[in-house]
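Shown here: upload-v1.txt, compact mmCIF, C-alpha atoms.
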```
# COMPACT_ATOMS: atom_id res chain seq x y z
CA MET U 20 29.99 -8.33 -1.48
CA THR U 21 30.00 -11.97 -2.53
CA PRO U 22 29.35 -12.15 -6.30
CA LEU U 23 26.16 -13.95 -7.33
CA ALA U 24 28.12 -16.44 -9.42
CA LEU U 25 30.10 -17.44 -6.33
CA ILE U 26 26.93 -17.83 -4.27
CA GLU U 27 25.43 -20.00 -6.99
CA ALA U 28 28.61 -22.10 -7.07
CA VAL U 29 28.42 -22.64 -3.31
CA LEU U 30 24.74 -23.57 -3.62
CA ASP U 31 25.62 -26.13 -6.28
CA GLY U 32 28.00 -27.80 -3.82
CA ASN U 33 25.26 -29.10 -1.48
CA PRO U 34 25.99 -26.89 1.53
CA GLY U 35 24.60 -27.73 4.96
CA ARG U 36 21.96 -25.78 6.85
CA GLU U 37 24.43 -23.55 8.77
CA GLU U 38 26.21 -22.56 5.58
CA LEU U 39 22.91 -21.96 3.81
CA LEU U 40 21.67 -19.71 6.58
CA GLN U 41 24.95 -17.81 6.55
CA LEU U 42 24.71 -17.35 2.78
CA ALA U 43 21.18 -16.01 3.10
CA GLU U 44 22.37 -13.55 5.73
CA GLU U 45 25.22 -12.44 3.47
CA VAL U 46 22.75 -11.76 0.68
CA LEU U 47 20.65 -9.52 2.93
CA GLU U 48 23.78 -7.86 4.35
CA ALA U 49 24.77 -6.92 0.81
CA TRP U 50 21.36 -5.32 0.29
CA VAL U 51 21.55 -3.36 3.55
CA ILE U 52 25.12 -2.18 2.87
CA ALA U 53 24.17 -1.14 -0.68
CA ARG U 54 21.56 1.14 0.89
CA GLY U 55 24.24 2.80 3.05
CA GLU U 56 23.38 1.15 6.34
CA THR U 57 25.18 -1.13 8.76
CA PRO U 58 23.70 -4.63 8.87
CA THR U 59 22.02 -5.34 12.18
CA THR U 60 23.44 -7.93 14.55
CA GLU U 61 20.09 -8.33 16.29
CA THR U 62 17.77 -11.27 15.84
CA SER U 63 14.05 -11.54 15.27
CA GLU U 64 12.23 -14.70 16.36
CA GLY U 65 15.68 -16.20 16.95
CA PHE U 66 17.01 -15.45 13.48
CA ARG U 67 19.34 -12.67 12.39
CA LEU U 68 18.07 -13.35 8.86
CA LEU U 69 14.60 -12.13 9.81
CA ALA U 70 16.00 -9.06 11.55
CA LEU U 71 18.08 -8.28 8.46
CA HIS U 72 15.01 -8.64 6.28
CA ARG U 73 13.07 -6.25 8.48
CA GLN U 74 15.94 -3.77 8.28
CA GLY U 75 16.19 -4.16 4.50
CA ALA U 76 12.46 -3.63 3.97
CA LYS U 77 12.34 -0.31 5.81
CA GLY U 78 11.12 2.23 3.28
CA VAL U 79 11.17 -0.36 0.49
CA PRO U 80 7.83 -2.18 0.68
CA SER U 81 8.58 -4.21 -2.44
CA PHE U 82 11.41 -5.87 -0.51
CA ASN U 83 8.65 -7.73 1.29
CA ALA U 84 8.36 -9.84 -1.85
CA CYS U 85 11.13 -11.95 -0.26
CA ARG U 86 9.72 -11.92 3.28
CA GLU U 87 8.06 -15.32 3.03
CA THR U 88 11.19 -16.72 1.37
CA CYS U 89 13.21 -15.64 4.43
CA ARG U 90 10.63 -17.13 6.77
CA GLU U 91 10.66 -20.39 4.81
CA ILE U 92 14.48 -20.47 5.06
CA ALA U 93 14.16 -20.10 8.84
CA TYR U 94 11.47 -22.81 8.93
CA HIS U 95 13.58 -25.24 6.92
CA PHE U 96 16.58 -24.49 9.13
CA ASN U 97 14.50 -25.45 12.16
CA LEU U 98 13.20 -28.53 10.37
CA LEU U 99 16.75 -29.66 9.60
CA SER U 100 17.95 -28.91 13.12
CA LEU U 101 15.17 -31.09 14.49
CA SER U 102 15.89 -33.93 12.06
CA GLU U 103 19.59 -33.80 12.91
CA ARG U 104 18.86 -33.83 16.64
CA GLU U 105 16.74 -36.91 16.14
CA GLY U 106 19.53 -38.48 14.09
CA SER U 107 17.33 -38.84 11.04
CA ARG U 108 19.71 -38.09 8.18
CA GLU U 109 17.32 -39.50 5.55
CA SER U 110 14.58 -37.05 6.42
CA CYS U 111 17.05 -34.20 5.87
CA GLU U 112 17.47 -34.70 2.15
CA ARG U 113 14.31 -33.02 0.87
CA PRO U 114 14.29 -30.05 3.30
CA GLU U 115 18.00 -29.50 2.64
CA ARG U 116 17.37 -29.41 -1.09
CA MET U 117 14.41 -27.11 -0.59
CA MET U 118 16.39 -24.79 1.68
CA THR U 119 19.06 -24.57 -1.02
CA MET U 120 16.42 -23.52 -3.54
CA LEU U 121 15.00 -20.98 -1.14
CA VAL U 122 18.42 -19.40 -0.60
CA ARG U 123 18.99 -19.43 -4.35
CA HIS U 124 15.67 -17.64 -4.83
CA LEU U 125 16.58 -15.05 -2.22
CA ALA U 126 19.96 -14.44 -3.86
CA LEU U 127 18.45 -14.11 -7.34
CA PHE U 128 15.75 -11.78 -6.11
CA VAL U 129 17.98 -9.51 -4.04
CA TYR U 130 20.84 -9.37 -6.53
CA GLY U 131 18.32 -8.86 -9.33
CA LYS U 132 16.82 -6.02 -7.34
CA MET U 133 20.24 -4.44 -6.90
CA GLU U 134 20.67 -4.55 -10.69
CA VAL U 135 17.18 -3.31 -11.49
CA GLU U 136 15.60 -1.40 -8.62
CA GLY U 137 12.07 -2.09 -9.77
CA LEU U 138 12.24 -5.86 -9.36
CA GLY U 139 9.44 -6.83 -7.04
CA GLU U 140 7.57 -3.54 -7.55
CA PHE U 141 4.92 -5.56 -9.33
CA CYS U 142 3.61 -6.83 -6.05
CA CYS U 143 3.86 -3.58 -4.12
CA SER U 144 2.90 -1.11 -6.78
CA SER U 145 1.38 1.43 -4.44
CA ARG U 146 4.66 2.70 -3.10
CA PRO U 147 4.52 6.21 -4.60
CA LEU U 148 1.21 6.86 -2.88
CA ARG U 149 2.28 5.34 0.41
CA LEU U 150 5.16 7.76 0.62
CA GLU U 151 2.57 10.48 0.99
CA SER U 152 0.02 8.61 3.06
CA PRO U 153 -0.38 8.10 6.80
CA ALA U 154 0.29 4.42 6.24
CA GLU U 155 3.93 5.19 5.41
CA ASN U 156 5.35 4.40 8.81
CA ARG U 157 3.51 1.14 9.08
CA GLU U 158 4.65 0.18 5.61
CA GLY U 159 8.23 1.03 6.33
CA SER U 160 8.49 -0.90 9.55
CA SER U 161 6.83 -4.25 9.77
CA HIS U 162 4.43 -4.39 6.88
CA ALA U 163 4.52 -7.26 4.43
CA MET Q 27 -21.27 -19.37 2.06
CA LYS Q 28 -21.89 -15.94 0.60
CA PRO Q 29 -25.06 -15.83 -1.53
CA GLU Q 30 -24.00 -12.49 -3.01
CA TYR Q 31 -21.22 -14.36 -4.86
CA LYS Q 32 -23.79 -16.29 -6.91
CA ARG Q 33 -24.14 -13.34 -9.28
CA VAL Q 34 -21.18 -11.01 -9.61
CA ALA Q 35 -19.78 -8.39 -11.96
CA TYR Q 36 -16.96 -9.95 -13.95
CA TYR Q 37 -13.82 -7.99 -14.75
CA PRO Q 38 -11.63 -10.20 -16.96
CA GLY Q 39 -8.97 -7.56 -17.68
CA CYS Q 40 -6.66 -7.33 -20.69
CA ALA Q 41 -4.60 -10.46 -20.08
CA LEU Q 42 -7.64 -12.71 -20.20
CA GLU Q 43 -8.32 -11.51 -23.73
CA GLY Q 44 -4.75 -12.32 -24.76
CA THR Q 45 -2.21 -14.68 -23.23
CA GLY Q 46 -4.65 -15.68 -20.50
CA HIS Q 47 -7.49 -16.54 -22.88
CA ALA Q 48 -7.69 -20.09 -21.54
CA TYR Q 49 -8.12 -18.72 -18.01
CA ASN Q 50 -11.08 -16.68 -19.24
CA THR Q 51 -12.61 -19.68 -21.01
CA SER Q 52 -12.14 -22.00 -18.04
CA THR Q 53 -13.39 -19.44 -15.49
CA LYS Q 54 -16.61 -18.99 -17.45
CA ALA Q 55 -17.06 -22.73 -17.99
CA LEU Q 56 -16.46 -23.43 -14.31
CA GLY Q 57 -18.91 -20.74 -13.20
CA LYS Q 58 -21.57 -22.13 -15.52
CA ALA Q 59 -21.07 -25.68 -14.22
CA LEU Q 60 -21.33 -24.48 -10.62
CA GLY Q 61 -24.37 -22.27 -11.16
CA LEU Q 62 -22.47 -19.04 -10.55
CA LYS Q 63 -23.47 -16.12 -12.76
CA LEU Q 64 -20.94 -13.73 -14.27
CA GLU Q 65 -21.97 -10.41 -15.80
CA GLU Q 66 -19.06 -8.81 -17.59
CA VAL Q 67 -18.47 -5.17 -16.69
CA ASN Q 68 -19.73 -2.99 -19.56
CA ASP Q 69 -17.07 -1.17 -21.54
CA TRP Q 70 -14.36 -2.01 -19.04
CA ASN Q 71 -10.87 -0.53 -19.34
CA CYS Q 72 -7.31 -1.41 -18.29
CA CYS Q 73 -6.82 -1.48 -14.50
CA GLY Q 74 -3.71 0.68 -14.83
CA ALA Q 75 -1.38 -2.29 -14.36
CA MET Q 76 2.31 -1.40 -14.62
CA GLU Q 77 2.67 1.24 -17.28
CA VAL Q 78 0.21 3.83 -15.98
CA LYS Q 79 1.45 3.38 -12.42
CA ASN Q 80 4.93 4.38 -13.48
CA VAL Q 81 3.62 7.58 -15.04
CA ASP Q 82 1.12 8.56 -12.35
CA PRO Q 83 -0.20 6.18 -9.66
CA LYS Q 84 -3.30 8.32 -9.14
CA VAL Q 85 -4.32 7.86 -12.76
CA GLN Q 86 -4.01 4.14 -12.13
CA THR Q 87 -6.35 4.59 -9.17
CA TYR Q 88 -8.81 6.38 -11.44
CA LEU Q 89 -8.67 3.68 -14.11
CA SER Q 90 -9.48 0.96 -11.58
CA SER Q 91 -12.15 3.15 -9.99
CA ARG Q 92 -13.88 3.58 -13.36
CA VAL Q 93 -14.31 -0.18 -13.66
CA MET Q 94 -15.74 -0.28 -10.15
CA SER Q 95 -17.99 2.70 -10.84
CA ILE Q 96 -19.56 0.99 -13.85
CA ALA Q 97 -20.06 -2.24 -11.89
CA ALA Q 98 -21.57 -0.46 -8.88
CA ASN Q 99 -23.37 2.56 -10.30
CA GLU Q 100 -24.44 1.44 -13.76
CA MET Q 101 -24.83 -2.32 -13.31
CA LYS Q 102 -25.90 -2.13 -9.64
CA HIS Q 103 -23.60 -4.91 -8.50
CA SER Q 104 -22.26 -5.23 -4.97
CA VAL Q 105 -19.41 -7.60 -5.87
CA VAL Q 106 -16.83 -7.52 -8.67
CA MET Q 107 -14.71 -10.58 -9.41
CA ALA Q 108 -11.29 -10.27 -11.05
CA PRO Q 109 -9.46 -13.55 -11.83
CA CYS Q 110 -6.18 -11.80 -12.73
CA ASN Q 111 -3.92 -11.09 -9.76
CA GLY Q 112 -2.85 -7.76 -11.32
CA CYS Q 113 -6.43 -6.55 -11.79
CA TYR Q 114 -7.50 -7.88 -8.40
CA HIS Q 115 -4.54 -6.15 -6.77
CA ASN Q 116 -5.16 -2.84 -8.53
CA LEU Q 117 -8.86 -2.75 -7.75
CA LYS Q 118 -8.11 -3.51 -4.09
CA LYS Q 119 -5.42 -0.85 -4.07
CA ALA Q 120 -7.79 1.72 -5.59
CA GLU Q 121 -10.35 0.83 -2.92
CA TYR Q 122 -7.72 1.38 -0.22
CA ASP Q 123 -6.49 4.63 -1.73
CA LEU Q 124 -10.00 6.04 -2.04
CA ALA Q 125 -10.75 5.13 1.55
CA HIS Q 126 -7.54 6.61 2.96
CA ASP Q 127 -6.18 9.29 0.67
CA GLU Q 128 -7.89 12.61 0.00
CA ALA Q 129 -5.68 13.42 -3.00
CA SER Q 130 -6.76 10.16 -4.66
CA ARG Q 131 -10.42 10.97 -4.01
CA GLU Q 132 -9.95 14.41 -5.58
CA THR Q 133 -8.18 12.99 -8.64
CA VAL Q 134 -10.85 10.35 -9.16
CA ALA Q 135 -13.67 12.88 -8.73
CA ARG Q 136 -12.05 15.30 -11.18
CA ILE Q 137 -11.32 12.77 -13.93
CA SER Q 138 -14.67 11.01 -13.46
CA GLU Q 139 -16.47 14.32 -13.96
CA LYS Q 140 -14.46 15.03 -17.11
CA ALA Q 141 -15.19 11.52 -18.37
CA GLY Q 142 -18.88 12.02 -17.66
CA HIS Q 143 -19.56 9.24 -15.16
CA GLU Q 144 -20.26 9.00 -11.47
CA ALA Q 145 -17.15 8.80 -9.31
CA TYR Q 146 -16.68 5.54 -7.44
CA GLN Q 147 -16.86 5.91 -3.66
CA ALA Q 148 -14.94 3.58 -1.34
CA GLY Q 149 -17.16 0.86 0.10
CA GLN Q 150 -19.63 0.67 -2.77
CA LEU Q 151 -18.27 -2.63 -4.01
CA GLU Q 152 -16.51 -5.71 -2.73
CA THR Q 153 -13.63 -6.84 -4.95
CA ILE Q 154 -12.93 -10.57 -4.90
CA HIS Q 155 -10.60 -12.98 -6.68
CA ALA Q 156 -11.77 -16.05 -8.59
CA LEU Q 157 -10.53 -18.12 -5.65
CA ASP Q 158 -12.84 -16.27 -3.22
CA TRP Q 159 -15.65 -16.66 -5.72
CA ILE Q 160 -15.44 -20.47 -5.74
CA LYS Q 161 -14.38 -20.87 -2.11
CA ASP Q 162 -17.13 -18.71 -0.62
CA GLY Q 163 -19.69 -18.92 -3.41
CA VAL Q 164 -19.71 -22.72 -3.61
CA GLY Q 165 -17.37 -24.14 -0.96
CA GLU Q 166 -15.45 -27.37 -0.76
CA GLU Q 167 -18.35 -29.59 0.31
CA ALA Q 168 -20.59 -28.63 -2.59
CA LEU Q 169 -17.62 -28.84 -4.93
CA ARG Q 170 -16.70 -32.31 -3.68
CA ALA Q 171 -20.28 -33.46 -4.24
CA ARG Q 172 -20.10 -32.41 -7.90
CA VAL Q 173 -16.77 -34.07 -8.72
CA LYS Q 174 -17.15 -36.55 -11.59
CA LYS Q 175 -13.48 -37.20 -12.33
CA SER Q 176 -11.42 -37.05 -9.19
CA LEU Q 177 -7.95 -35.53 -9.48
CA LYS Q 178 -6.71 -38.38 -7.26
CA GLY Q 179 -3.09 -39.22 -7.89
CA LEU Q 180 -2.27 -35.79 -9.28
CA LYS Q 181 0.35 -34.02 -7.20
CA ILE Q 182 0.00 -30.25 -7.31
CA ALA Q 183 2.21 -27.34 -6.25
CA ASN Q 184 -0.02 -24.31 -5.81
CA TYR Q 185 1.60 -21.09 -7.01
CA TYR Q 186 -0.19 -17.91 -5.93
CA GLY Q 187 2.39 -15.39 -7.12
CA CYS Q 188 3.28 -12.11 -5.51
CA MET Q 189 0.21 -9.91 -5.90
CA TYR Q 190 -2.52 -12.09 -4.43
CA THR Q 191 -1.43 -11.29 -0.88
CA ARG Q 192 0.80 -8.22 -1.09
CA PRO Q 193 0.82 -5.59 0.20
CA ARG Q 194 -1.14 -6.90 3.15
CA HIS Q 195 -2.89 -3.66 4.06
CA ILE Q 196 -5.00 -3.59 0.90
CA PHE Q 197 -6.51 -6.97 1.81
CA PRO Q 198 -8.19 -6.25 5.19
CA GLU Q 199 -10.39 -9.35 4.90
CA LYS Q 200 -7.37 -11.67 4.90
CA ASP Q 201 -5.63 -12.96 8.05
CA GLN Q 202 -8.90 -12.75 9.97
CA GLY Q 203 -8.75 -16.19 11.51
CA PRO Q 204 -10.53 -19.41 10.51
CA GLY Q 205 -12.17 -19.25 7.12
CA SER Q 206 -10.18 -16.27 5.91
CA GLU Q 207 -7.26 -16.42 3.51
CA SER Q 208 -3.72 -16.24 4.87
CA THR Q 209 -1.21 -13.77 3.44
CA LEU Q 210 1.73 -15.74 4.83
CA LYS Q 211 0.66 -19.13 3.52
CA PRO Q 212 -2.30 -18.81 1.16
CA ARG Q 213 -4.45 -21.92 1.11
CA PHE Q 214 -7.71 -21.31 -0.83
CA MET Q 215 -6.41 -22.91 -4.04
CA ASP Q 216 -4.91 -25.81 -2.07
CA GLU Q 217 -8.25 -26.46 -0.36
CA LEU Q 218 -10.34 -26.26 -3.53
CA LEU Q 219 -8.06 -28.63 -5.41
CA ALA Q 220 -7.94 -31.01 -2.45
CA ALA Q 221 -11.76 -31.07 -2.53
CA ALA Q 222 -11.45 -32.17 -6.16
CA GLY Q 223 -9.24 -35.06 -5.06
CA ALA Q 224 -5.78 -33.66 -5.81
CA GLU Q 225 -2.79 -34.14 -3.54
CA ASN Q 226 -1.15 -30.81 -2.70
CA VAL Q 227 2.58 -30.91 -2.11
CA ASP Q 228 4.36 -28.74 0.42
CA PHE Q 229 5.64 -25.92 -1.77
CA PRO Q 230 7.58 -23.17 0.00
CA LEU Q 231 7.81 -20.83 -3.00
CA LYS Q 232 4.05 -20.42 -3.43
CA THR Q 233 4.18 -16.61 -3.14
CA ALA Q 234 7.76 -16.07 -4.32
CA CYS Q 235 8.62 -13.46 -6.94
CA CYS Q 236 8.87 -14.81 -10.49
CA GLY Q 237 10.51 -11.64 -11.80
CA GLY Q 238 7.48 -11.05 -14.00
CA ALA Q 239 7.89 -7.29 -14.00
CA HIS Q 240 11.32 -7.65 -15.56
CA THR Q 241 10.67 -10.35 -18.02
CA LEU Q 242 11.73 -8.01 -20.83
CA SER Q 243 14.26 -5.72 -19.14
CA ASP Q 244 16.11 -8.43 -17.22
CA SER Q 245 15.06 -11.70 -18.84
CA ASP Q 246 17.91 -13.76 -17.41
CA THR Q 247 16.97 -12.98 -13.81
CA SER Q 248 13.34 -13.79 -14.59
CA THR Q 249 14.32 -17.07 -16.21
CA LYS Q 250 16.49 -18.07 -13.25
CA LEU Q 251 13.78 -17.13 -10.74
CA VAL Q 252 11.20 -19.14 -12.67
CA LEU Q 253 13.55 -22.08 -13.14
CA ASN Q 254 14.08 -22.16 -9.40
CA ILE Q 255 10.30 -22.20 -8.85
CA LEU Q 256 9.88 -25.03 -11.37
CA GLU Q 257 12.73 -27.06 -9.88
CA ALA Q 258 11.42 -26.52 -6.36
CA ALA Q 259 7.98 -27.75 -7.46
CA GLU Q 260 9.55 -30.84 -8.96
CA ALA Q 261 11.68 -31.40 -5.86
CA ALA Q 262 8.47 -31.23 -3.83
CA GLY Q 263 7.11 -34.03 -6.01
CA ALA Q 264 4.62 -32.03 -8.09
CA ASP Q 265 3.33 -33.18 -11.49
CA VAL Q 266 1.59 -29.89 -12.05
CA ILE Q 267 1.83 -26.28 -10.88
CA ALA Q 268 -1.64 -24.81 -10.40
CA THR Q 269 -1.87 -21.10 -11.17
CA GLU Q 270 -4.46 -18.42 -10.53
CA CYS Q 271 -2.95 -15.49 -12.43
CA PRO Q 272 -2.44 -15.10 -16.19
CA THR Q 273 0.85 -13.23 -15.75
CA CYS Q 274 2.31 -15.87 -13.44
CA HIS Q 275 1.04 -18.62 -15.70
CA SER Q 276 2.49 -17.26 -18.93
CA GLY Q 277 5.72 -16.31 -17.11
CA LEU Q 278 6.18 -19.85 -15.84
CA GLU Q 279 5.41 -21.31 -19.26
CA MET Q 280 7.59 -18.91 -21.26
CA HIS Q 281 10.58 -19.12 -18.97
CA GLN Q 282 10.32 -22.90 -18.78
CA VAL Q 283 10.93 -22.92 -22.52
CA ARG Q 284 13.63 -20.23 -22.23
CA ALA Q 285 15.41 -22.02 -19.38
CA GLU Q 286 15.79 -25.05 -21.61
CA LYS Q 287 16.98 -23.02 -24.59
CA VAL Q 288 19.28 -20.57 -22.81
CA LEU Q 289 20.41 -22.44 -19.71
CA GLY Q 290 20.01 -25.99 -20.98
CA LYS Q 291 17.84 -26.80 -17.95
CA LYS Q 292 14.82 -28.93 -18.77
CA THR Q 293 11.95 -29.29 -16.33
CA LYS Q 294 8.86 -31.38 -16.94
CA VAL Q 295 6.37 -30.01 -14.43
CA ARG Q 296 3.31 -28.62 -16.27
CA MET Q 297 1.24 -25.54 -15.62
CA LEU Q 298 -2.55 -25.53 -15.46
CA TYR Q 299 -4.95 -22.86 -14.24
CA PHE Q 300 -6.82 -23.95 -11.12
CA THR Q 301 -10.05 -23.29 -13.05
CA GLN Q 302 -8.94 -25.82 -15.67
CA LEU Q 303 -8.18 -28.40 -13.00
CA LEU Q 304 -11.48 -27.90 -11.20
CA GLY Q 305 -13.28 -27.94 -14.55
CA VAL Q 306 -11.74 -31.29 -15.45
CA ALA Q 307 -12.80 -32.63 -12.06
CA LEU Q 308 -16.37 -31.52 -12.75
CA GLY Q 309 -16.34 -33.44 -16.03
CA ILE Q 310 -16.00 -30.46 -18.40
CA SER Q 311 -14.10 -31.39 -21.56
CA PRO Q 312 -10.46 -30.19 -21.68
CA ARG Q 313 -11.18 -28.33 -24.93
CA LYS Q 314 -13.96 -26.33 -23.32
CA LEU Q 315 -11.46 -25.39 -20.62
CA GLY Q 316 -8.89 -24.21 -23.16
CA ILE Q 317 -6.24 -26.70 -22.01
CA HIS Q 318 -5.07 -27.09 -25.62
CA GLU Q 319 -4.14 -23.38 -25.55
CA ASN Q 320 -1.59 -23.84 -22.77
CA VAL Q 321 2.06 -23.86 -23.81
CA SER Q 322 3.04 -26.64 -21.42
CA ASP Q 323 1.25 -29.90 -22.10
CA GLY Q 324 -1.07 -30.11 -19.13
CA LEU Q 325 -3.31 -32.55 -20.95
CA GLU Q 326 -0.51 -35.10 -21.07
CA ALA Q 327 -0.08 -34.86 -17.29
CA LEU Q 328 -3.80 -35.47 -16.83
CA LYS Q 329 -3.74 -38.39 -19.26
CA GLU Q 330 -0.75 -39.95 -17.49
CA LYS Q 331 -2.79 -40.04 -14.30
CA GLY Q 332 -5.84 -41.45 -16.08
CA ILE Q 333 -7.91 -38.37 -15.25
CA VAL Q 334 -8.90 -37.62 -18.86
```
As C-alpha cells, what does this structure read like?
Amino acid sequence: MTPLALIEAVLDGNPGREELLQLAEEVLEAWVIARGETPTTETSEGFRLLALHRQGAKGVPSFNACRETCREIAYHFNLLSLSEREGSRESCERPERMMTMLVRHLALFVYGKMEVEGLGEFCCSSRPLRLESPAENREGSSHA
Amino acid sequence: MKPEYKRVAYYPGCALEGTGHAYNTSTKALGKALGLKLEEVNDWNCCGAMEVKNVDPKVQTYLSSRVMSIAANEMKHSVVMAPCNGCYHNLKKAEYDLAHDEASRETVARISEKAGHEAYQAGQLETIHALDWIKDGVGEEALRARVKKSLKGLKIANYYGCMYTRPRHIFPEKDQGPGSESTLKPRFMDELLAAAGAENVDFPLKTACCGGAHTLSDSDTSTKLVLNILEAAEAAGADVIATECPTCHSGLEMHQVRAEKVLGKKTKVRMLYFTQLLGVALGISPRKLGIHENVSDGLEALKEKGIV
C-alpha cells in the first residue's frame, strides 16, 4: 500500500491526468485489499475507478461519501482528455488543479477511514438498521 | 410553489442554539422578510445526532419521532422545517425507518407510550430543509423581485456537506426530474443565490466529506479534508463558501484557523450561511443576520464587493 505521505508528495508534484487517475485507483485498491478482497479489473462507465468504488462500497454505505468525488475525478479526467485532444493546454490548468485536489480528498478520506472506521458514518448513520432491513441488498450494491 | 410551506413547524435543533446561533438568527430574519411563518416545535429534544445512534439507533429514531409527533399531533402541522443537515437527515431517516421497519415502529410505540405522548406514524408530516422552504415556499422569481442589494460580483462556492443528500433512499422526493433536488449535484442553494445576483463557481467538492464526525478523534484528517475544500473553493475562484449546515459551517471555520496554526496554510475564502447571504440581498442589516458572530470575516468580503 502506498503511504499517504508518498501520495501527497506525488500530488504536490503537479502530476498529469493519467497519473492522477492511477493514484485514485491505487487509493481505492488499498481500501478493497484492506477489506480482504481482490481489486476488480472491470470498469464502470468506462472507468475502473468507478468499478473499484462500487466494489469498495459493498456493505459499507458510508463509503458512498466519496462516490461523488470519484465521479468528479472521472469527469475532470474526461475534461482534460478533451482539452488535450483540442490542443488547448491553457484550458487544462484549472481542471488539472481541481483533479489534483479531488484525488487528494479521496486519499485523505479513504486513508482516514482506514485509520478510524467511523469516518464518513456521519452521512450514512442508519447503517446498523439497514443491516437488518430489506433495504440491505440495495444499500450494499449500488446505493449512494 | 407549495402554499403549505408558508407556515411550518420549525425545528432548530441543538446546534442552532450554540455554534450555529447565527444560522438561527438569519433563518428567522429571512423568513420574516419573505412572509414565511415559523412556529417552533414545543419542548423539542435532540434529534439523536451522533451519540445516541452509536448506543442504539432505534432510540435515535424515537428521539426524532418525538419531535415529529409534537409537530404533527400537538401543533397540527403538516410540514416541519429543519435547517441543520444533521437534524434534517435524522428526521428523514426516522420517517424512512418507521415506514419500512417493524422493529422501529415497535420501539417508537413502546417509548412513546412510556413518555406519555402519541406515537408518530410515518406519513403524518413532511420534513423539509431550509433550502426547500425558500425554494418551494417563495421561489427564485419572487426572491429576485425582492432583492434590494444584489450580490453581483460575489463569487460563491456552494457547500452542501455530506448529509443533505445521503443516503439517497431516505430522500425519495429528490432525483425526481425537473424541479426536484439532485443528490449527485445539489443545486437549490446555487439557484437561490443566483437569483440574488451572486455568481456561483463550479465547485466539485460541494458534497465532499469534511471529516466533521472526527473533528475531535482525528483532528488532523479533518483539518486536511477541510483545507482541501477551502483550497478547492479558492482555486475555483470563490470569495465565499455558502453553507447550509451549522456543523459544516463551524467545521470549515474552525479548521481554517487550525490549518493556519498547525499546517501553516492560510486561506482567505470566507464562510457565510446562505440565509445570511440572501438576507443581505433582501436589505436586512448584517447585524440582524448575525454575520458578526461568524468566525471568518464574511462582512469584509461583502464590503470588498460593495454589497454592504
So which residues touch region 47-52 of chain U within 9 Å, counting only C-alpha atoms, skipping near sequence neighbours fewer than 5 positions away, as a VMD selection string? chain U and resid 20 to 21 42 57 to 59 68 71 to 72 74 to 75 125 to 126 129 to 130 132 to 133
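If all atoms listed in the file are the atoms counted, then among U:Glu91, U:Glu134, U:Asp31, U:Glu61 the closest residue to Met117 (chain U) is U:Glu91.
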With region 107-123 of chain Q as the partner and 9 Å as the cut-off, tabulate the residues of region 244-272 of chain Q that qualify, each row holding the nearest pair of atoms and their distance in Å to one decimal, using only C-alpha atoms, sorted by chain and rising number, as a Markdown table.
```
| residue | atom | partner | partner_atom | distance |
| --- | --- | --- | --- | --- |
| Q:Glu270 | CA | Q:Pro109 | CA | 7.1 |
| Q:Cys271 | CA | Q:Cys110 | CA | 4.9 |
| Q:Pro272 | CA | Q:Cys110 | CA | 6.1 |
```
Calculated over all atoms listed in the file, which of the candidates U:Glu103, U:Glu27, U:Glu64, U:Glu56 has the smallest distance to Leu121 (chain U)?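 Of all the options, U:Glu27 lies closest to Leu121 (chain U).
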Please list as a PyMOL selection string every residue within 9 Å of Tyr36 (chain Q), counting only C-alpha atoms and excluding residues in the same chain fewer than 3 positions away. chain Q and resi 64-67+97+105-109
For Phe96 (chain U), work out the shell of residues within 7 Å, counting all atoms listed in the file and skipping chain neighbours fewer than 4 positions away, then give it as a VMD selection string. chain U and resid 36 92 100
Which residue gives the smallest distance to chain Q among U:Ile26, U:Cys89, U:Val46, U:Leu99, with only C-alpha atoms counted?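 Nearest to chain Q: U:Cys89.
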Just give me the gap between CA of Ser322 (chain Q) and CA of Val266 (chain Q) in Å, one decimal is fine. 10.0 Å
For the interface of chain Q with chain U (cut-off 6 Å, counting only C-alpha atoms), please tabulate each contacting residue of chain Q alongside its nearest pair of atoms and their separation in Å to one decimal, rows sorted by chain and increasing number, as a Markdown table.
```
| residue | atom | partner | partner_atom | distance |
| --- | --- | --- | --- | --- |
| Q:Cys188 | CA | U:Cys142 | CA | 5.3 |
| Q:Met189 | CA | U:Cys142 | CA | 4.6 |
| Q:Arg192 | CA | U:Cys142 | CA | 5.9 |
| Q:Pro193 | CA | U:Cys143 | CA | 5.7 |
| Q:Arg194 | CA | U:Ala163 | CA | 5.8 |
| Q:Ala239 | CA | U:Phe141 | CA | 5.8 |
```
Suppose you want the space between CA of Gly316 (chain Q) and CA of Ala48 (chain Q); what is it in Å?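 According to the coordinates, CA of Gly316 (chain Q) and CA of Ala48 (chain Q) are separated by 4.6 Å.
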